[in-house]
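J.: Below is the file input.txt, with compact mmCIF, C-alpha atoms.
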# COMPACT_ATOMS: atom_id res chain seq x y z
CA MET S 1 28.30 -1.52 28.47
CA HIS S 2 26.12 1.28 29.75
CA ARG S 3 27.29 3.54 26.93
CA SER S 4 26.44 0.90 24.32
CA ALA S 5 22.91 0.43 25.66
CA THR S 6 22.32 4.19 25.62
CA THR S 7 23.52 4.37 22.03
CA ASN S 8 21.20 1.54 21.00
CA CYS S 9 18.23 3.30 22.61
CA LEU S 10 19.10 6.48 20.75
CA ILE S 11 19.31 4.64 17.44
CA LEU S 12 15.94 3.02 18.03
CA PHE S 13 14.37 6.35 18.98
CA VAL S 14 15.68 8.01 15.82
CA TRP S 15 14.41 5.11 13.73
CA PHE S 16 10.90 5.36 15.16
CA VAL S 17 10.81 9.13 14.57
CA ALA S 18 12.07 8.75 11.01
CA ALA S 19 9.57 5.96 10.32
CA ASP S 20 6.74 8.49 10.56
CA LYS S 21 8.46 10.92 8.19
CA ASN S 22 8.63 9.17 4.86
CA VAL S 23 7.71 11.59 2.08
CA LEU S 24 7.11 10.76 -1.57
CA ILE S 25 7.13 13.64 -4.03
CA VAL S 26 5.56 12.82 -7.39
CA TYR S 27 6.89 15.54 -9.66
CA ALA S 28 5.59 16.30 -13.14
CA HIS S 29 7.41 19.09 -14.97
CA GLN S 30 9.92 18.91 -17.78
CA SER S 31 12.05 21.95 -16.95
CA ALA S 32 14.63 22.13 -14.17
CA ASN S 33 14.32 25.93 -14.35
CA SER S 34 10.55 26.00 -13.80
CA PHE S 35 8.72 27.35 -10.78
CA ASN S 36 7.47 23.82 -10.17
CA ALA S 37 11.07 22.64 -9.95
CA ALA S 38 11.79 25.38 -7.43
CA ALA S 39 8.77 24.35 -5.35
CA LYS S 40 9.88 20.71 -5.50
CA ASP S 41 13.42 21.60 -4.49
CA ALA S 42 12.13 23.68 -1.58
CA ALA S 43 10.08 20.73 -0.35
CA VAL S 44 13.04 18.35 -0.54
CA GLU S 45 15.29 20.77 1.33
CA VAL S 46 12.90 21.77 4.11
CA LEU S 47 11.63 18.25 4.75
CA GLN S 48 15.09 16.72 4.83
CA VAL S 49 16.18 19.31 7.39
CA GLN S 50 13.28 18.07 9.55
CA GLY S 51 14.67 14.54 9.37
CA CYS S 52 12.30 13.25 6.72
CA LYS S 53 13.29 10.58 4.25
CA VAL S 54 12.29 12.17 0.94
CA VAL S 55 11.87 9.99 -2.15
CA LEU S 56 11.33 11.63 -5.54
CA SER S 57 9.50 10.25 -8.56
CA ASP S 58 10.55 12.67 -11.31
CA LEU S 59 8.18 11.40 -13.97
CA TYR S 60 9.69 13.12 -17.01
CA SER S 61 13.25 12.20 -16.06
CA MET S 62 12.08 8.63 -15.48
CA LYS S 63 10.35 8.68 -18.86
CA PHE S 64 7.39 7.21 -17.02
CA LYS S 65 4.92 5.48 -19.33
CA ALA S 66 1.57 7.20 -18.99
CA PRO S 67 -0.88 4.95 -20.90
CA ALA S 68 -2.42 2.08 -18.95
CA THR S 69 -2.18 -0.75 -21.47
CA ALA S 70 -1.83 -4.52 -21.76
CA GLU S 71 1.93 -3.98 -21.78
CA ASP S 72 1.65 -3.48 -18.00
CA ILE S 73 0.89 -7.20 -17.67
CA ILE S 74 3.82 -9.62 -17.80
CA GLY S 75 2.81 -12.57 -19.95
CA GLU S 76 -0.61 -13.19 -21.42
CA PRO S 77 -3.64 -11.46 -19.89
CA GLN S 78 -6.62 -13.50 -18.83
CA ASN S 79 -8.73 -12.21 -21.71
CA SER S 80 -6.81 -10.61 -24.56
CA ASP S 81 -9.91 -10.54 -26.77
CA ASP S 82 -11.91 -8.41 -24.34
CA PHE S 83 -9.21 -6.67 -22.31
CA HIS S 84 -10.35 -4.79 -19.19
CA TYR S 85 -7.39 -2.98 -17.67
CA GLY S 86 -8.63 -2.70 -14.09
CA HIS S 87 -9.48 -6.39 -13.76
CA GLU S 88 -6.36 -7.59 -15.55
CA ALA S 89 -4.11 -5.32 -13.46
CA MET S 90 -5.70 -6.58 -10.23
CA VAL S 91 -5.15 -10.20 -11.26
CA ALA S 92 -1.58 -9.43 -12.32
CA LEU S 93 -0.94 -7.80 -8.94
CA LYS S 94 -2.03 -10.97 -7.15
CA GLU S 95 0.08 -13.15 -9.45
CA ASN S 96 3.17 -10.89 -9.37
CA LYS S 97 2.85 -10.18 -13.07
CA LEU S 98 2.69 -6.39 -13.03
CA SER S 99 5.27 -4.31 -14.87
CA THR S 100 8.37 -3.62 -12.77
CA ASP S 101 8.00 0.17 -13.05
CA ILE S 102 4.57 -0.07 -11.41
CA ILE S 103 5.89 -2.32 -8.65
CA GLU S 104 8.70 0.15 -7.92
CA GLU S 105 6.16 2.95 -7.49
CA HIS S 106 4.01 0.70 -5.30
CA LYS S 107 6.98 0.31 -2.95
CA LYS S 108 7.38 4.08 -2.71
CA VAL S 109 3.68 4.58 -1.96
CA LYS S 110 3.69 1.85 0.70
CA GLU S 111 6.58 3.47 2.54
CA ALA S 112 5.26 7.02 2.32
CA ASN S 113 3.43 8.70 5.19
CA ILE S 114 2.61 11.62 2.93
CA ILE S 115 2.63 12.12 -0.84
CA ILE S 116 3.17 15.54 -2.40
CA PHE S 117 2.01 15.89 -5.99
CA GLN S 118 3.91 18.78 -7.61
CA PHE S 119 2.71 19.80 -11.06
CA PRO S 120 1.40 22.55 -13.34
CA MET S 121 -2.37 22.47 -13.77
CA TYR S 122 -3.18 21.55 -17.38
CA TRP S 123 -6.72 22.02 -18.69
CA PHE S 124 -8.13 22.32 -15.16
CA GLY S 125 -6.59 18.98 -14.22
CA LEU S 126 -3.45 16.89 -14.11
CA PRO S 127 -0.73 16.66 -16.77
CA ALA S 128 -1.11 13.45 -18.79
CA ILE S 129 2.04 11.89 -17.36
CA LEU S 130 0.80 12.42 -13.78
CA LYS S 131 -2.69 11.16 -14.60
CA GLY S 132 -1.00 8.13 -16.14
CA TRP S 133 0.98 7.57 -12.95
CA ILE S 134 -2.29 7.51 -11.02
CA ASP S 135 -4.00 5.25 -13.57
CA ARG S 136 -1.18 2.71 -13.43
CA VAL S 137 0.12 2.97 -9.86
CA PHE S 138 -3.20 3.19 -8.02
CA THR S 139 -3.92 -0.36 -9.10
CA PRO S 140 -7.18 -2.05 -8.07
CA GLY S 141 -6.35 -4.32 -5.18
CA PHE S 142 -3.43 -2.09 -4.19
CA ALA S 143 -5.06 1.34 -3.87
CA PHE S 144 -8.71 0.33 -3.52
CA THR S 145 -11.34 -2.37 -3.82
CA THR S 146 -15.11 -2.04 -4.05
CA GLU S 147 -15.23 -2.25 -0.24
CA GLU S 148 -12.03 -0.38 0.70
CA ILE S 149 -12.76 3.13 -0.51
CA TYR S 150 -13.13 6.63 0.95
CA SER S 151 -13.07 6.53 4.78
CA ASN S 152 -12.37 2.79 4.63
CA GLY S 153 -9.69 3.11 1.96
CA PHE S 154 -6.33 1.38 2.00
CA PHE S 155 -4.47 4.69 2.43
CA LYS S 156 -6.53 6.08 5.31
CA ASP S 157 -3.40 6.40 7.46
CA LYS S 158 -1.53 8.38 4.80
CA LYS S 159 -1.77 12.04 3.82
CA ALA S 160 -1.65 13.60 0.36
CA ILE S 161 -1.44 17.14 -0.94
CA LEU S 162 -1.69 18.79 -4.33
CA SER S 163 0.93 21.49 -4.88
CA PHE S 164 0.50 23.11 -8.26
CA THR S 165 0.81 26.19 -10.41
CA THR S 166 -1.92 27.83 -12.46
CA GLY S 167 -1.62 29.78 -15.66
CA SER S 168 -4.31 32.26 -14.62
CA HIS S 169 -4.75 34.62 -11.70
CA GLU S 170 -6.61 33.68 -8.52
CA SER S 171 -9.39 36.17 -9.29
CA MET S 172 -10.39 34.09 -12.31
CA PHE S 173 -11.01 30.95 -10.21
CA ASN S 174 -14.00 31.83 -8.05
CA SER S 175 -17.78 31.54 -8.26
CA SER S 176 -18.04 34.68 -10.40
CA GLY S 177 -14.69 34.34 -12.20
CA ILE S 178 -14.45 33.23 -15.81
CA HIS S 179 -12.88 29.86 -14.91
CA GLY S 180 -15.36 29.09 -12.15
CA ASP S 181 -14.90 27.99 -8.56
CA MET S 182 -11.56 26.26 -7.86
CA ASN S 183 -13.35 24.22 -5.19
CA VAL S 184 -15.41 22.60 -7.95
CA THR S 185 -12.36 22.10 -10.16
CA LEU S 186 -10.50 20.24 -7.41
CA TRP S 187 -13.37 17.98 -6.29
CA PRO S 188 -12.78 15.22 -8.90
CA ILE S 189 -9.08 15.03 -7.98
CA GLN S 190 -9.17 15.49 -4.22
CA ASN S 191 -12.34 13.48 -3.63
CA GLY S 192 -12.56 11.28 -6.71
CA ILE S 193 -8.92 10.12 -6.64
CA LEU S 194 -7.18 10.88 -3.35
CA HIS S 195 -10.02 10.56 -0.84
CA TYR S 196 -11.46 7.67 -2.87
CA CYS S 197 -8.26 5.74 -2.07
CA GLY S 198 -8.58 6.73 1.58
CA PHE S 199 -5.96 9.49 1.77
CA GLN S 200 -6.31 12.23 4.35
CA VAL S 201 -6.24 15.14 1.90
CA LEU S 202 -4.50 18.31 3.01
CA ALA S 203 -5.51 21.73 1.73
CA PRO S 204 -3.83 22.31 -1.63
CA GLN S 205 -0.84 24.57 -2.10
CA ILE S 206 -1.75 26.72 -5.07
CA PHE S 207 0.77 28.98 -6.73
CA TRP S 208 -1.40 31.39 -8.67
CA ALA S 209 0.03 32.42 -12.06
CA PRO S 210 3.74 32.53 -11.12
CA LYS S 211 4.68 33.15 -14.75
CA HIS S 212 2.95 36.54 -14.49
CA ALA S 213 4.60 37.40 -11.17
CA THR S 214 7.77 39.39 -10.58
CA ALA S 215 10.93 37.63 -9.42
CA GLU S 216 10.40 39.13 -5.99
CA ASP S 217 6.81 37.86 -5.84
CA ARG S 218 7.86 34.38 -6.95
CA LYS S 219 10.43 34.31 -4.18
CA ALA S 220 7.73 35.32 -1.70
CA LEU S 221 5.48 32.49 -2.94
CA LEU S 222 8.25 29.99 -2.30
CA GLU S 223 8.87 31.37 1.17
CA VAL S 224 5.21 30.85 2.06
CA TRP S 225 5.54 27.25 0.86
CA ARG S 226 8.75 26.70 2.80
CA LYS S 227 7.10 28.01 5.97
CA ARG S 228 4.11 25.74 5.49
CA LEU S 229 6.35 22.73 4.90
CA GLU S 230 7.78 23.13 8.40
CA GLY S 231 4.45 22.05 9.88
CA LEU S 232 2.99 20.08 6.96
CA LEU S 233 3.17 16.67 8.61
CA GLU S 234 1.03 17.87 11.52
CA GLU S 235 -1.67 19.57 9.44
CA LYS S 236 -5.28 18.43 9.73
CA PRO S 237 -6.98 17.24 6.54
CA LEU S 238 -9.91 18.67 4.64
CA ALA S 239 -13.39 17.51 5.61
CA PHE S 240 -15.18 14.86 3.56
CA THR S 241 -18.43 13.07 4.29
CA PRO S 242 -17.61 9.76 6.06
CA SER S 243 -18.49 6.54 4.25
CA ASP S 244 -20.80 5.39 7.03
CA CYS S 245 -23.08 8.34 6.29
CA PHE S 246 -24.19 6.55 3.11
CA ASP S 247 -26.64 3.67 2.86
CA GLY S 248 -25.12 0.83 0.84
CA GLY S 249 -28.47 -0.90 0.65
CA ALA S 250 -30.09 2.12 -0.97
CA GLY S 251 -27.68 2.79 -3.80
CA PHE S 252 -25.12 4.45 -1.50
CA GLN S 253 -27.33 7.45 -0.96
CA LEU S 254 -26.79 9.81 1.95
CA LYS S 255 -28.78 8.46 4.86
CA GLU S 256 -32.00 10.25 5.73
CA SER S 257 -30.68 10.87 9.23
CA GLU S 258 -27.70 12.69 7.71
CA LYS S 259 -29.92 14.76 5.43
CA GLU S 260 -31.95 15.79 8.47
CA LYS S 261 -28.80 17.04 10.20
CA TRP S 262 -28.16 19.41 7.30
CA ALA S 263 -31.77 20.45 6.67
CA ALA S 264 -31.50 23.71 8.60
CA GLU S 265 -27.94 24.51 7.51
CA GLN S 266 -27.20 27.24 4.99
CA PHE S 267 -24.72 25.10 3.08
CA GLY S 268 -24.43 21.44 2.15
CA PRO S 269 -21.71 19.29 3.75
CA THR S 270 -19.27 19.29 0.81
CA VAL S 271 -18.84 20.53 -2.75
CA GLY S 272 -20.02 17.21 -4.15
CA HIS S 273 -22.69 16.50 -1.55
CA HIS S 274 -24.30 19.92 -1.51
CA LEU S 275 -27.91 18.65 -1.20
CA GLY S 276 -29.09 21.37 -3.53
CA LYS S 277 -27.81 24.09 -1.21
CA PRO S 278 -25.11 26.72 -1.85
CA LEU S 279 -21.66 25.16 -1.87
CA PRO S 280 -19.78 25.35 1.44
CA PRO S 281 -17.18 28.11 1.02
CA ASN S 282 -13.63 26.91 0.36
CA ASN S 283 -14.52 23.30 1.19
CA GLN S 284 -11.70 22.05 -1.05
CA LEU S 285 -9.24 24.85 -0.28
CA GLN S 286 -9.17 25.33 3.48
CA VAL S 287 -9.59 23.26 6.63
Let's see the structure in the file written out as structure tokens.

T.:
Amino acid sequence: MHRSATTNCLILFVWFVAADKNVLIVYAHQSANSFNAAAKDAAVEVLQVQGCKVVLSDLYSMKFKAPATAEDIIGEPQNSDDFHYGHEAMVALKENKLSTDIIEEHKKVKEANIIIFQFPMYWFGLPAILKGWIDRVFTPGFAFTTEEIYSNGFFKDKKAILSFTTGSHESMFNSSGIHGDMNVTLWPIQNGILHYCGFQVLAPQIFWAPKHATAEDRKALLEVWRKRLEGLLEEKPLAFTPSDCFDGGAGFQLKESEKEKWAAEQFGPTVGHHLGKPLPPNNQLQV
């Protein structure tokens, strides 16, 4: 009897530990031989060794539908003559009329404590299939409402991280490089999508131009990633301006009291809220 009780306690303890280690990897690359595939495989391996439950959404293998269209609504939409996707999707969510592929992804997001987005950067942004996943899966009413956004967002207890490859070298992505500052490039994704939905956004994992690297250098890049993955769940997120710093009654402008706090500072608080000052260095790249 004593042995049975001890075993039950152990099972419960393991369950509680595992419950905080649910990882969703949203993977967007067509080739199993790509560097992105290697980075994804490394994440699965390292996280599973730590006892994480890792779920993979391999978008190309799933043949995930990218366009957000009326086909996502089961049955007739409320207004087929003047179709507004966001409104119709929110209504369909409430009435259990959303496409089953969206509902399946919703379940994965709900269970995840952290989401890793693994992809190659296309045109300074996300591949179309990954952007489509966000358009369709981050449904209004599920991922956000007009009130539940940013610091008050639905996913404020979840973490998210961008892990991606670039086609160009790191030296080309700074304030004097030809591509411009990577901090600026990442702001619409990390703030405008992830933080908007409430996620605690971790510093991105950027693999700079692996196609131009030697085999030895690519291996070293993966080792850095594997090492980081060992402590990923405990990492602190990037800093964003809290929602309560904005005045909803004044067009959601930064409160005067907040502006005064930054008046004597050399930099503004974030890349997007720079207050006309120089951008804070590496605000979207480092904690």

J.: Can you report as AutoDock Vina command-line options the centre and edge lengths in Å, to one decimal, of an axis-aligned box around the listed atoms of stretch 126-143 of chain S padded with 4 Å on each side?

T.:
--center_x -2.6 --center_y 6.3 --center_z -11.3 --size_x 17.2 --size_y 29.2 --size_z 22.9

J.: May I ask which of the residues S:Ile102, S:Leu285, S:Met182, S:Gln253 is the closest one to S:Ala203, counting all atoms listed in the file?

T.: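 The answer is S:Leu285, which sits nearest to S:Ala203.
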
J.: What's the 8 Å shell around S:Ser61, counting only C-alpha atoms, without same-chain residues fewer than 3 positions away, as a list of chain:residue names?

T.: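 Contacts, with the query itself left out: S:Gln30, S:Asp58, S:Phe64.
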
J.: Which residue, S:Lys65, S:His87, S:His273, S:Lys131, has the smallest gap to S:Ser99 when you use all atoms listed in the file?

T.: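 Nearest candidate to S:Ser99 out of S:Lys65, S:His87, S:His273, S:Lys131: S:Lys65.
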
J.: Which residues are near stretch 190-196 of chain S? Cut-off 8 Å, all atoms listed in the file, ignore same chain within fewer than 2 positions. Put them as a count of residues only.

T.: 15

J.: Pick from S:Phe173, S:Tyr27, S:Trp133, S:Trp208: nearest to S:Ala66, with all atoms listed in the file counted?

T.: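 Closest to S:Ala66 of all the choices is S:Trp133.
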
J.: At a cut-off of 12 Å from (5.2, 31.6, -0.2) in the coordinates of the file, what residues are picked up using all atoms listed in the file, written as a list of chain:residue names?

T.: S:Phe35, S:Ala38, S:Ala39, S:Ala42, S:Ala43, S:Ser163, S:Gln205, S:Ile206, S:Phe207, S:Trp208, S:Pro210, S:Glu216, S:Asp217, S:Arg218, S:Lys219, S:Ala220, S:Leu221, S:Leu222, S:Glu223, S:Val224, S:Trp225, S:Arg226, S:Lys227, S:Arg228, S:Leu229

J.: To one decimal place, how far is atom CA of S:Thr100 from atom CA of S:Ile73 in Å?

T.: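 That distance, rounded to one decimal, is 9.6 Å.
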
J.: Please report the interatomic distance between atom CA of S:Asn113 and atom CA of S:Asp157 in Å with one decimal.

T.: 7.6 Å

J.: For S:Glu258, which of S:Cys245, S:Leu24, S:Leu233, S:Cys52 is the closest residue, counting only C-alpha atoms?

T.: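 Closest residue, counting only C-alpha atoms: S:Cys245.
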
J.: Please provide as a PDB file with C-alpha atoms, keeping the file's coordinate frame all residues within 10 Å of S:Tyr85, with the sequence filter that same-chain residues fewer than 3 positions apart are discarded (counting all atoms listed in the file).

T.:
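And here is the file that came out, around-v3.pdb:
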ATOM      1  CA  ALA S  68      -2.420   2.080 -18.950  1.00  0.00           C
ATOM      2  CA  THR S  69      -2.180  -0.750 -21.470  1.00  0.00           C
ATOM      3  CA  ALA S  70      -1.830  -4.520 -21.760  1.00  0.00           C
ATOM      4  CA  ASP S  72       1.650  -3.480 -18.000  1.00  0.00           C
ATOM      5  CA  ILE S  73       0.890  -7.200 -17.670  1.00  0.00           C
ATOM      6  CA  PRO S  77      -3.640 -11.460 -19.890  1.00  0.00           C
ATOM      7  CA  ASP S  82     -11.910  -8.410 -24.340  1.00  0.00           C
ATOM      8  CA  GLU S  88      -6.360  -7.590 -15.550  1.00  0.00           C
ATOM      9  CA  ALA S  89      -4.110  -5.320 -13.460  1.00  0.00           C
ATOM     10  CA  MET S  90      -5.700  -6.580 -10.230  1.00  0.00           C
ATOM     11  CA  VAL S  91      -5.150 -10.200 -11.260  1.00  0.00           C
ATOM     12  CA  ASP S 135      -4.000   5.250 -13.570  1.00  0.00           C
ATOM     13  CA  ARG S 136      -1.180   2.710 -13.430  1.00  0.00           C
ATOM     14  CA  THR S 139      -3.920  -0.360  -9.100  1.00  0.00           C
ATOM     15  CA  PRO S 140      -7.180  -2.050  -8.070  1.00  0.00           C
TER      16      PRO S 140
END
